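Report on the structure given below.
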Amino acid sequence: MEYFQQFANALTQGCSYALIALGYTMVYGVLRLINFAHGDLYMLGAYIGLFLARWTGAFALAQDNHPVPVAMTVFIFVGAMVGSALVGLVIERIAYRPLRNAPRLTALITAIGVSLLLEYGG
């Protein structure tokens, strides 16, 4: 039984890595920019989901081994996605758009700065 749990854990962690890697690849393929803040936006989405779960009471339900309603779960996931998308949009408008025609090194340094801002802000 423990084997199946470890297999599920490994599959979940591998899917998370694949999702982040796919995002890096897509952003670099379209913008030719390595967005170091991509993984940090992923982290921010997880925090938004956690705060929404606490706000809706789903976290307390799960801790008490009660089933969480499907509508509440969908709300938390959609809220985390929308929140992450809005933060990504703000970052793109403020940090990356003014540097479209700047040298690549400038955009790369900005991406590292945004990543550090999100990491230490989190």
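Quick note on naming: the chains in the structure tokens go A, B, ... in the order shown, residues restart at 1 in each chain, and ligands are numbered from 1 in order of appearance.
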
key: Polymer residues at most 12 Å from Gly121 of chain A, only C-alpha atoms, same-chain spacing of 6 or more positions, as a list in words   = Asp40, Leu41, Met43, Leu44, Tyr47, Gly113, Val114 and Ser115 of chain A

May I have the residues within 12 Å of Pro69 of chain A as a CSV table (one decimal) with N, CA, C and O atoms, in the first residue's frame, using only C-alpha atoms and disregarding those fewer than 2 positions away in the same chain?
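Done, and the output landed in result.csv:
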chain,number,residue,atom,x,y,z
A,53,ALA,N,-8.8,29.0,0.5
A,53,ALA,CA,-9.3,27.8,1.2
A,53,ALA,C,-9.5,28.2,2.7
A,53,ALA,O,-10.5,27.7,3.3
A,56,THR,N,-12.7,30.5,2.7
A,56,THR,CA,-14.0,29.9,2.5
A,56,THR,C,-14.3,28.8,3.6
A,56,THR,O,-15.5,28.3,3.6
A,57,GLY,N,-13.4,28.4,4.4
A,57,GLY,CA,-13.6,27.4,5.4
A,57,GLY,C,-13.3,26.0,4.9
A,57,GLY,O,-13.5,25.0,5.6
A,58,ALA,N,-12.8,25.9,3.7
A,58,ALA,CA,-12.5,24.5,3.1
A,58,ALA,C,-11.3,23.9,3.9
A,58,ALA,O,-11.2,22.7,4.0
A,59,PHE,N,-10.4,24.8,4.3
A,59,PHE,CA,-9.2,24.3,5.0
A,59,PHE,C,-9.6,23.6,6.3
A,59,PHE,O,-9.2,22.5,6.7
A,61,LEU,N,-12.6,22.4,7.0
A,61,LEU,CA,-13.3,21.1,6.7
A,61,LEU,C,-12.4,20.0,6.4
A,61,LEU,O,-12.6,18.9,6.9
A,62,ALA,N,-11.4,20.2,5.6
A,62,ALA,CA,-10.4,19.2,5.3
A,62,ALA,C,-9.6,18.7,6.5
A,62,ALA,O,-9.3,17.5,6.6
A,66,HIS,N,-13.8,16.2,6.9
A,66,HIS,CA,-15.1,16.4,6.3
A,66,HIS,C,-14.9,16.6,4.8
A,66,HIS,O,-13.9,17.2,4.4
A,67,PRO,N,-15.9,16.1,3.9
A,67,PRO,CA,-15.7,16.4,2.5
A,67,PRO,C,-15.9,17.9,2.2
A,67,PRO,O,-16.7,18.5,2.7
A,71,ALA,N,-18.2,22.8,-5.4
A,71,ALA,CA,-18.3,24.2,-5.8
A,71,ALA,C,-17.2,25.0,-5.1
A,71,ALA,O,-16.6,25.9,-5.7
A,72,MET,N,-17.0,24.7,-3.8
A,72,MET,CA,-16.0,25.4,-3.1
A,72,MET,C,-14.6,25.1,-3.6
A,72,MET,O,-13.8,26.0,-3.8
A,73,THR,N,-14.3,23.9,-4.0
A,73,THR,CA,-13.1,23.5,-4.6
A,73,THR,C,-12.8,24.2,-5.9
A,73,THR,O,-11.7,24.7,-6.2
A,74,VAL,N,-13.9,24.2,-6.7
A,74,VAL,CA,-13.8,24.9,-8.0
A,74,VAL,C,-13.5,26.4,-7.8
A,74,VAL,O,-12.7,27.0,-8.5
A,75,PHE,N,-14.2,27.0,-6.9
A,75,PHE,CA,-14.0,28.4,-6.6
A,75,PHE,C,-12.5,28.7,-6.2
A,75,PHE,O,-11.9,29.7,-6.6
A,76,ILE,N,-12.0,27.8,-5.4
A,76,ILE,CA,-10.6,28.0,-4.9
A,76,ILE,C,-9.6,27.9,-6.1
A,76,ILE,O,-8.7,28.7,-6.3

inquiry  = I want to know what sits within 10 Å of Val82 of chain A, based on only C-alpha atoms, with residues of the same chain fewer than 6 positions away left out; could you give that as a ChimeraX atom specification?
reply    = /A:45,48,76,88

May I have the residues from that selection written out with N, CA and C atoms, as a compact mmCIF listing (two decimals), in the first residue's frame?
# COMPACT_ATOMS: atom_id res chain seq x y z
N GLY A 45 0.36 31.42 -6.87
CA GLY A 45 -0.93 30.78 -7.09
C GLY A 45 -1.27 29.79 -5.99
N ILE A 48 -2.31 31.86 -3.00
CA ILE A 48 -3.65 32.41 -3.20
C ILE A 48 -4.69 31.31 -2.94
N ILE A 76 -11.97 27.81 -5.38
CA ILE A 76 -10.59 28.00 -4.92
C ILE A 76 -9.62 27.88 -6.09
N GLY A 88 0.44 38.22 -12.98
CA GLY A 88 1.27 38.08 -14.16
C GLY A 88 1.04 39.21 -15.15

query = How far is it from atom CA of Val87 of chain A to atom CA of Thr25 of chain A, in Å with one decimal?
reply =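 Atom CA of Val87 of chain A sits 19.9 Å away from atom CA of Thr25 of chain A.
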
query = So which residues of chain A fall under helix (DSSP H, G or I) by DSSP, listed as an NGL selection string?
reply = :A and (2-31 or 38-56 or 58-63 or 70-99 or 104-121)

key: Residue among A:Ala60, A:Ala46, A:Met1, A:Ala21 lying closest to Ile34 of chain A, counting only C-alpha atoms   =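 Result for the nearest residue to Ile34 of chain A: A:Ala21.
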
message = Could you list, as a PyMOL selection string, every residue within 9 Å of Ala95 of chain A, counting only C-alpha atoms and ignoring same-chain residues fewer than 5 positions away?
response = chain A and resi 90+107+110-111+114

Take the residues from that selection and write them out as a PDB file, in the first residue's frame, keeping N, CA, C and O atoms.
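The file below, result_34.pdb, is the result:
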ATOM      1  N   VAL A  90      -0.005  42.279 -14.397  1.00  0.00           N
ATOM      2  CA  VAL A  90       0.587  43.488 -13.815  1.00  0.00           C
ATOM      3  C   VAL A  90       2.104  43.473 -13.988  1.00  0.00           C
ATOM      4  O   VAL A  90       2.711  44.495 -14.349  1.00  0.00           O
ATOM      5  N   ALA A 107      16.423  42.802 -20.034  1.00  0.00           N
ATOM      6  CA  ALA A 107      15.215  42.016 -19.749  1.00  0.00           C
ATOM      7  C   ALA A 107      15.530  40.846 -18.823  1.00  0.00           C
ATOM      8  O   ALA A 107      14.726  40.501 -17.944  1.00  0.00           O
ATOM      9  N   THR A 110      15.885  42.173 -15.329  1.00  0.00           N
ATOM     10  CA  THR A 110      14.559  42.504 -14.820  1.00  0.00           C
ATOM     11  C   THR A 110      13.806  41.250 -14.391  1.00  0.00           C
ATOM     12  O   THR A 110      13.134  41.240 -13.359  1.00  0.00           O
ATOM     13  N   ALA A 111      13.926  40.175 -15.170  1.00  0.00           N
ATOM     14  CA  ALA A 111      13.267  38.915 -14.819  1.00  0.00           C
ATOM     15  C   ALA A 111      13.808  38.367 -13.503  1.00  0.00           C
ATOM     16  O   ALA A 111      13.039  37.871 -12.669  1.00  0.00           O
ATOM     17  N   VAL A 114      12.308  40.579 -10.704  1.00  0.00           N
ATOM     18  CA  VAL A 114      10.915  40.261 -10.419  1.00  0.00           C
ATOM     19  C   VAL A 114      10.827  38.937  -9.654  1.00  0.00           C
ATOM     20  O   VAL A 114      10.026  38.794  -8.725  1.00  0.00           O
TER      21      VAL A 114
END

query = Between atom CA of Leu116 of chain A and atom CA of Phe36 of chain A, what is the distance, to one decimal in Å?
reply =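 One can read the atom CA of Leu116 of chain A to atom CA of Phe36 of chain A distance as 8.9 Å.
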
request  = Could you tell me which of A:Ala37, A:Val30, A:Asn101, A:Gln6 comes closest to Tyr120 of chain A if we count only C-alpha atoms?
outcome  =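 Smallest distance to Tyr120 of chain A is found for A:Ala37.
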